[in-house]
Amino acid sequence: MSKKKPVIVYGASGYTGRLVCEYLRELGIPFIAAGRDAKRVQEVMDKIPGIETADYEVAEVDHSVKALTKLFKDAKVVCNMVGPFIKYGPETVEACLAAGVHYLDTTGEQDWMLLAQEKWGDAFAKKGLLLSPCVAQMYTTGEIAANIALETMPGLDTLDMLVLWKGFPTYASVQTIFTILKADWYYLENNKYVQWPTLTATECQVPGQHATALTLPWGGTSHPIWFKDDPRVSTVKVYGGVFAREVMDNVVNMTKMIDTDIKPLPFAEQEAALSKMAESVQGDMPPRENPRLNTSIDSVYASGPLGRVHVLIHGNCNYKQTGLMQAWCAANLLQQPPRRAGFASACQAFGHREIFGAMRQFGLVLKPIVTVND
């Protein structure tokens with residue numbers, strides 16, 4: 001019997017799952033591309049450039065704890081792409097815990113993060129396993145920028161964060177966005193979670209440009225949760241979105257509709273209505289990213305009573321950034337234990353400079369622009 005491949009990409013037939021597999025191939029890591037439809041997964045794998053040089057296999061699996069545990073057993077890391085995670089994540093996490101493997105995902109759902117932390121964080125820590133949601137451009141790149149700011153000088157306790165990118169969300173991202181819209185969102189203020197008003201929308205100045213961009217709290221993002229127990233930080237607010245004004249206008253309008261027309265409905269009817277809305281926005285896989293067109297900005301203003309630091313990271317191809325992060329973190333876990341076990345961010349588990357170095361190596365980000373006022 002052949003040895004089990006160490007990394008499993010669950011949900012490999014999706015846009016991001018394919019990119020994770022691409023980067024695992026480039027890093028020379030054997031993997032299993034898994035999903036509920038083996039034929040569909042194989043069709044996606046066949047389109048990956050250079051896939052003939054990859055050491056991989058395709059696996060079909062039911063979305064149940066029992067079936068997933070059997071698949072995950074004797075592997076080392078699961079990269080979970082199957083969302084919305086509040087809906088489909090519990091079975092995958094339970095299976096990882098039972099099989100004794102590390103867990104990574106790409107979520108931006110605060111309710112999923114808080115559930116994962118409360119329900120499984122300690123259990124993963126006791127086994128020396130990593131439980132790391134939100135390993136993705138929209139969260140990890142900004143966290144890298146925040147940590148660069150915080151290491152620049154002591155006494156910075158407030159993070160004002162902005163993430164913007166050019167492009168259109170994938171089908172899975174749209175499904176997650178609509179799941180987020182019916183949840184509660186939080187920012188961190190003086191070490192306490194404070195709920196965002198549902199219809200918050202903010203015009204933000206785009207660093208390095210004369211224009212502004214329409215942004216939303218984007219479900220609160222992961223950063224208030226990751227920095228909640230960081231002794232350096234007391235307050236975190238995050239604004240996010242895409243550069244395309246028409247897309248953001250539509251999201252704002254749909255948020256209003258969800259608040260007035262869908263939230264009052266019974267849960268089952270909410271789910272059906274949201275799924276239908278998401279299908280109308282994005283039912284197909286978007287085109288492959290172009291680094292000339294699909295750019296990203298992560299901006300962090302870190303401040304304290306006697307100092308201010310601004311860190312700006314320009315990047316390209318945010319979904320490729322996510323694919324690389326997932327693959328690189330998985331590869332790292334094959335070589336050494338995480339710096340922090342249990343519920344932890346990618347930066348806490350692997351180091352923000354180390355992850356940023358990998359992104360630089362693959363040409364996905366520029367050097368950070370750091371401005372200090374003290």
# chains A, B, ... in the order shown; residues from 1 in each chain; ligands from 1

$ residues_around --residues "A:Glu22" --least-positions-apart "3" --cutoff "10 Å" --atoms "only C-alpha atoms" --output "tab-separated table (two decimals) with N, CA, C and O atoms, in the first residue's frame"
chain	number	residue	atom	x	y	z
A	16	THR	N	-10.27	28.64	-5.70
A	16	THR	CA	-9.15	28.74	-4.77
A	16	THR	C	-8.49	27.39	-4.54
A	16	THR	O	-7.26	27.29	-4.44
A	17	GLY	N	-9.29	26.33	-4.48
A	17	GLY	CA	-8.72	24.99	-4.30
A	17	GLY	C	-7.74	24.64	-5.39
A	17	GLY	O	-6.68	24.05	-5.14
A	18	ARG	N	-8.10	24.99	-6.62
A	18	ARG	CA	-7.19	24.73	-7.74
A	18	ARG	C	-5.87	25.46	-7.55
A	18	ARG	O	-4.80	24.90	-7.80
A	19	LEU	N	-5.93	26.72	-7.09
A	19	LEU	CA	-4.70	27.49	-6.90
A	19	LEU	C	-3.84	26.90	-5.79
A	19	LEU	O	-2.60	26.90	-5.88
A	25	ARG	N	2.10	21.91	-6.10
A	25	ARG	CA	2.93	21.34	-7.17
A	25	ARG	C	4.25	22.10	-7.28
A	25	ARG	O	5.32	21.50	-7.38
A	26	GLU	N	4.17	23.43	-7.26
A	26	GLU	CA	5.40	24.23	-7.39
A	26	GLU	C	6.33	24.03	-6.21
A	26	GLU	O	7.56	24.12	-6.36
A	27	LEU	N	5.77	23.77	-5.03
A	27	LEU	CA	6.59	23.54	-3.84
A	27	LEU	C	7.03	22.09	-3.72
A	27	LEU	O	7.76	21.73	-2.79
A	28	GLY	N	6.57	21.24	-4.63
A	28	GLY	CA	6.97	19.84	-4.63
A	28	GLY	C	6.34	19.03	-3.51
A	28	GLY	O	6.95	18.05	-3.03
A	45	MET	N	-8.15	19.45	-12.08
A	45	MET	CA	-6.72	19.14	-12.00
A	45	MET	C	-6.09	19.09	-13.39
A	45	MET	O	-4.94	19.52	-13.58
A	48	ILE	N	-4.56	22.33	-14.68
A	48	ILE	CA	-3.45	22.98	-13.98
A	48	ILE	C	-2.17	22.86	-14.81
A	48	ILE	O	-1.77	21.75	-15.17
A	49	PRO	N	-1.52	23.97	-15.12
A	49	PRO	CA	-0.28	23.90	-15.90
A	49	PRO	C	0.78	23.05	-15.19
A	49	PRO	O	1.04	23.24	-14.00
A	50	GLY	N	1.35	22.11	-15.89
A	50	GLY	CA	2.40	21.28	-15.32
A	50	GLY	C	1.92	20.20	-14.38
A	50	GLY	O	2.73	19.60	-13.66
A	51	ILE	N	0.62	19.91	-14.38
A	51	ILE	CA	0.08	18.94	-13.42
A	51	ILE	C	0.71	17.56	-13.61
A	51	ILE	O	0.78	16.77	-12.66
A	54	ALA	N	3.18	16.75	-10.97
A	54	ALA	CA	2.75	16.73	-9.57
A	54	ALA	C	2.57	15.30	-9.07
A	54	ALA	O	2.19	14.41	-9.82
A	320	LYS	N	-4.36	34.22	-5.92
A	320	LYS	CA	-3.07	33.54	-5.96
A	320	LYS	C	-2.33	33.70	-4.63
A	320	LYS	O	-1.67	32.76	-4.16
A	323	GLY	N	-3.81	31.12	-2.46
A	323	GLY	CA	-3.34	29.79	-2.82
A	323	GLY	C	-1.94	29.52	-2.32
A	323	GLY	O	-1.64	28.43	-1.79
A	324	LEU	N	-1.05	30.50	-2.49
A	324	LEU	CA	0.32	30.33	-2.01
A	324	LEU	C	0.38	30.22	-0.50
A	324	LEU	O	1.10	29.37	0.05
A	327	ALA	N	-0.65	26.74	0.58
A	327	ALA	CA	0.34	25.72	0.22
A	327	ALA	C	1.61	25.87	1.05
A	327	ALA	O	2.18	24.88	1.53

$ residues_around --residues "A:Gly142" --least-positions-apart "4" --cutoff "9 Å" --atoms "only C-alpha atoms" --output "list in words"
Gln137, Met138, Ala146, Asn147, Met161, Leu162, Val163, His223, Ile297, Asp298, Ser299, Val300 and Ile313 of chain A

$ write_last_selection --atoms "C-alpha atoms" --output "compact mmCIF listing (two decimals), in the first residue's frame"
# COMPACT_ATOMS: atom_id res chain seq x y z
CA GLN A 137 -5.07 37.43 1.23
CA MET A 138 -7.97 39.42 2.61
CA ALA A 146 -0.27 45.22 11.16
CA ASN A 147 2.57 43.20 12.68
CA MET A 161 -7.04 48.70 8.60
CA LEU A 162 -8.09 48.77 4.94
CA VAL A 163 -8.03 46.01 2.33
CA HIS A 223 -8.34 40.88 12.69
CA ILE A 297 -3.83 47.13 -1.35
CA ASP A 298 -3.44 46.41 2.36
CA SER A 299 -3.12 49.54 4.46
CA VAL A 300 -2.68 49.76 8.23
CA ILE A 313 1.51 46.65 0.98

$ closest_residue --among "A:Gly307, A:Gly351, A:Pro6, A:Gly14" --to "A:Thr140" --atoms "only C-alpha atoms"
A:Gly351

$ closest_residue --among "A:Val311, A:Ala213, A:Leu68, A:Ala99" --to "A:Ile144" --atoms "only C-alpha atoms"
A:Val311

$ select_by_dssp --residues "stretch 42-134 of chain A" --states "helix (DSSP H, G or I)" --output "JSON, numbers by chain"
{"A": [42, 43, 44, 45, 51, 52, 53, 65, 66, 67, 68, 69, 70, 71, 72, 85, 86, 87, 88, 89, 90, 91, 92, 93, 94, 95, 96, 97, 98, 99, 110, 111, 112, 113, 114, 115, 116, 117, 118, 119, 120, 121, 122, 123, 124, 125, 126]}

$ write_last_selection --atoms "N, CA and C atoms" --output "tab-separated table (two decimals), in the first residue's frame"
chain	number	residue	atom	x	y	z
A	42	GLN	N	-11.11	15.95	-11.00
A	42	GLN	CA	-10.11	15.56	-11.99
A	42	GLN	C	-10.12	16.52	-13.18
A	43	GLU	N	-11.29	16.96	-13.61
A	43	GLU	CA	-11.37	17.91	-14.71
A	43	GLU	C	-10.64	19.20	-14.38
A	44	VAL	N	-10.77	19.63	-13.13
A	44	VAL	CA	-10.05	20.85	-12.70
A	44	VAL	C	-8.56	20.59	-12.64
A	45	MET	N	-8.15	19.45	-12.08
A	45	MET	CA	-6.72	19.14	-12.00
A	45	MET	C	-6.09	19.09	-13.39
A	51	ILE	N	0.62	19.91	-14.38
A	51	ILE	CA	0.08	18.94	-13.42
A	51	ILE	C	0.71	17.56	-13.61
A	52	GLU	N	1.24	17.28	-14.80
A	52	GLU	CA	1.85	15.98	-15.03
A	52	GLU	C	3.10	15.77	-14.18
A	53	THR	N	3.65	16.86	-13.63
A	53	THR	CA	4.83	16.74	-12.77
A	53	THR	C	4.47	16.65	-11.30
A	65	VAL	N	-18.53	13.44	9.02
A	65	VAL	CA	-17.37	13.27	9.90
A	65	VAL	C	-16.72	11.92	9.69
A	66	LYS	N	-17.52	10.88	9.56
A	66	LYS	CA	-16.99	9.53	9.40
A	66	LYS	C	-16.17	9.40	8.12
A	67	ALA	N	-16.74	9.84	6.99
A	67	ALA	CA	-16.06	9.70	5.71
A	67	ALA	C	-14.81	10.57	5.65
A	68	LEU	N	-14.91	11.78	6.17
A	68	LEU	CA	-13.76	12.69	6.14
A	68	LEU	C	-12.64	12.20	7.06
A	69	THR	N	-13.00	11.68	8.22
A	69	THR	CA	-11.98	11.14	9.13
A	69	THR	C	-11.20	10.01	8.47
A	70	LYS	N	-11.91	9.15	7.78
A	70	LYS	CA	-11.25	8.04	7.07
A	70	LYS	C	-10.29	8.57	6.01
A	71	LEU	N	-10.71	9.60	5.28
A	71	LEU	CA	-9.84	10.18	4.25
A	71	LEU	C	-8.63	10.87	4.87
A	72	PHE	N	-8.84	11.60	5.96
A	72	PHE	CA	-7.77	12.41	6.56
A	72	PHE	C	-6.75	11.58	7.33
A	85	PHE	N	-18.31	28.35	5.78
A	85	PHE	CA	-17.71	27.49	6.79
A	85	PHE	C	-18.60	27.31	8.01
A	86	ILE	N	-19.42	28.31	8.32
A	86	ILE	CA	-20.35	28.14	9.43
A	86	ILE	C	-21.35	27.03	9.12
A	87	LYS	N	-21.54	26.76	7.83
A	87	LYS	CA	-22.49	25.74	7.39
A	87	LYS	C	-21.82	24.38	7.21
A	88	TYR	N	-20.62	24.36	6.62
A	88	TYR	CA	-19.97	23.09	6.29
A	88	TYR	C	-18.69	22.82	7.07
A	89	GLY	N	-18.24	23.79	7.87
A	89	GLY	CA	-16.96	23.63	8.55
A	89	GLY	C	-16.93	22.64	9.69
A	90	PRO	N	-18.00	22.53	10.51
A	90	PRO	CA	-17.91	21.66	11.69
A	90	PRO	C	-17.51	20.22	11.40
A	91	GLU	N	-18.09	19.61	10.36
A	91	GLU	CA	-17.74	18.23	10.03
A	91	GLU	C	-16.26	18.08	9.70
A	92	THR	N	-15.73	19.08	8.97
A	92	THR	CA	-14.32	19.00	8.56
A	92	THR	C	-13.39	19.15	9.75
A	93	VAL	N	-13.70	20.09	10.64
A	93	VAL	CA	-12.87	20.29	11.83
A	93	VAL	C	-12.94	19.07	12.75
A	94	GLU	N	-14.14	18.53	12.95
A	94	GLU	CA	-14.28	17.33	13.79
A	94	GLU	C	-13.46	16.17	13.21
A	95	ALA	N	-13.47	16.04	11.90
A	95	ALA	CA	-12.72	14.96	11.25
A	95	ALA	C	-11.22	15.18	11.40
A	96	CYS	N	-10.76	16.42	11.28
A	96	CYS	CA	-9.33	16.71	11.47
A	96	CYS	C	-8.89	16.37	12.88
A	97	LEU	N	-9.72	16.73	13.84
A	97	LEU	CA	-9.38	16.44	15.24
A	97	LEU	C	-9.32	14.93	15.47
A	98	ALA	N	-10.29	14.22	14.93
A	98	ALA	CA	-10.33	12.76	15.10
A	98	ALA	C	-9.16	12.08	14.40
A	99	ALA	N	-8.76	12.61	13.25
A	99	ALA	CA	-7.67	12.00	12.48
A	99	ALA	C	-6.29	12.49	12.92
A	110	GLN	N	-16.72	35.75	10.87
A	110	GLN	CA	-16.43	35.90	12.29
A	110	GLN	C	-17.17	34.89	13.14
A	111	ASP	N	-18.44	34.59	12.79
A	111	ASP	CA	-19.19	33.65	13.61
A	111	ASP	C	-18.56	32.26	13.57
A	112	TRP	N	-17.98	31.88	12.42
A	112	TRP	CA	-17.28	30.60	12.32
A	112	TRP	C	-16.00	30.62	13.15
A	113	MET	N	-15.26	31.71	13.08
A	113	MET	CA	-14.03	31.81	13.86
A	113	MET	C	-14.32	31.68	15.36
A	114	LEU	N	-15.31	32.42	15.83
A	114	LEU	CA	-15.62	32.40	17.26
A	114	LEU	C	-16.10	31.02	17.70
A	115	LEU	N	-16.88	30.34	16.84
A	115	LEU	CA	-17.31	28.98	17.15
A	115	LEU	C	-16.11	28.04	17.20
A	116	ALA	N	-15.24	28.13	16.21
A	116	ALA	CA	-14.07	27.25	16.16
A	116	ALA	C	-13.18	27.45	17.38
A	117	GLN	N	-12.97	28.70	17.75
A	117	GLN	CA	-12.14	29.00	18.92
A	117	GLN	C	-12.74	28.40	20.19
A	118	GLU	N	-14.03	28.61	20.39
A	118	GLU	CA	-14.68	28.17	21.62
A	118	GLU	C	-14.83	26.65	21.68
A	119	LYS	N	-15.21	26.04	20.56
A	119	LYS	CA	-15.58	24.62	20.59
A	119	LYS	C	-14.39	23.68	20.42
A	120	TRP	N	-13.39	24.07	19.60
A	120	TRP	CA	-12.32	23.13	19.27
A	120	TRP	C	-10.91	23.64	19.57
A	121	GLY	N	-10.76	24.91	19.93
A	121	GLY	CA	-9.42	25.47	20.12
A	121	GLY	C	-8.59	24.70	21.13
A	122	ASP	N	-9.14	24.47	22.32
A	122	ASP	CA	-8.38	23.77	23.37
A	122	ASP	C	-8.09	22.32	22.98
A	123	ALA	N	-9.04	21.67	22.33
A	123	ALA	CA	-8.84	20.27	21.94
A	123	ALA	C	-7.71	20.13	20.94
A	124	PHE	N	-7.63	21.05	19.97
A	124	PHE	CA	-6.52	21.04	19.01
A	124	PHE	C	-5.20	21.32	19.73
A	125	ALA	N	-5.21	22.28	20.65
A	125	ALA	CA	-3.98	22.64	21.36
A	125	ALA	C	-3.44	21.46	22.16
A	126	LYS	N	-4.33	20.71	22.81
A	126	LYS	CA	-3.90	19.56	23.62
A	126	LYS	C	-3.22	18.50	22.77

$ closest_residue --among "A:Gln326, A:Gln335, A:Thr212, A:Thr235" --to "A:Val78" --atoms "only C-alpha atoms"
A:Gln326

$ residues_around --residues "stretch 129-136 of chain A" --least-positions-apart "3" --cutoff "7 Å" --atoms "only C-alpha atoms" --output "MDAnalysis selection string"
chainID A and resid 101:108 113 121 124:125 139:140 222 322 325:326 338 341:346

$ decode --residues "stretch 150-212 of chain A" --atoms "C-alpha atoms" --output "compact mmCIF listing (two decimals), in the first residue's frame"
# COMPACT_ATOMS: atom_id res chain seq x y z
CA LEU A 150 3.58 47.03 15.67
CA GLU A 151 7.21 45.92 15.58
CA THR A 152 8.33 49.36 14.32
CA MET A 153 7.89 51.07 17.68
CA PRO A 154 6.36 50.32 21.09
CA GLY A 155 3.23 52.01 22.37
CA LEU A 156 0.96 51.50 19.35
CA ASP A 157 -2.39 50.16 20.53
CA THR A 158 -4.91 51.02 17.79
CA LEU A 159 -5.16 49.46 14.31
CA ASP A 160 -7.14 51.14 11.53
CA MET A 161 -7.04 48.70 8.60
CA LEU A 162 -8.09 48.77 4.94
CA VAL A 163 -8.03 46.01 2.33
CA LEU A 164 -9.01 46.58 -1.31
CA TRP A 165 -8.57 44.52 -4.45
CA LYS A 166 -9.43 44.63 -8.12
CA GLY A 167 -11.45 41.73 -9.43
CA PHE A 168 -14.66 39.90 -8.76
CA PRO A 169 -15.37 37.39 -5.98
CA THR A 170 -15.50 33.72 -6.93
CA TYR A 171 -18.69 31.66 -6.61
CA ALA A 172 -17.59 30.31 -3.23
CA SER A 173 -16.61 33.78 -2.00
CA VAL A 174 -20.02 35.15 -2.97
CA GLN A 175 -21.73 32.32 -1.08
CA THR A 176 -19.62 33.19 1.98
CA ILE A 177 -20.30 36.93 1.62
CA PHE A 178 -24.05 36.37 1.66
CA THR A 179 -23.71 34.10 4.69
CA ILE A 180 -21.76 36.85 6.45
CA LEU A 181 -24.40 39.46 5.64
CA LYS A 182 -26.98 37.80 7.88
CA ALA A 183 -24.58 37.41 10.84
CA ASP A 184 -23.48 39.95 13.46
CA TRP A 185 -20.13 41.68 12.87
CA TYR A 186 -17.73 43.06 15.46
CA TYR A 187 -14.83 45.43 15.80
CA LEU A 188 -12.53 45.60 18.83
CA GLU A 189 -12.66 48.66 21.09
CA ASN A 190 -10.71 48.79 24.33
CA ASN A 191 -10.37 44.99 24.28
CA LYS A 192 -14.11 44.42 23.92
CA TYR A 193 -16.11 43.29 20.89
CA VAL A 194 -18.52 45.99 19.70
CA GLN A 195 -21.14 45.23 17.08
CA TRP A 196 -21.04 47.14 13.82
CA PRO A 197 -24.31 48.78 12.75
CA THR A 198 -25.65 46.55 9.98
CA LEU A 199 -25.80 49.22 7.27
CA THR A 200 -22.37 50.74 7.85
CA ALA A 201 -20.63 51.92 4.66
CA THR A 202 -17.56 54.16 4.62
CA GLU A 203 -15.77 56.19 1.97
CA CYS A 204 -12.06 55.51 2.46
CA GLN A 205 -9.16 57.36 0.90
CA VAL A 206 -7.15 54.94 -1.24
CA PRO A 207 -3.47 55.25 -0.27
CA GLY A 208 -1.38 56.58 -3.15
CA GLN A 209 -4.43 57.68 -5.16
CA HIS A 210 -6.63 60.76 -5.38
CA ALA A 211 -9.80 58.66 -5.45
CA THR A 212 -11.81 57.23 -2.61
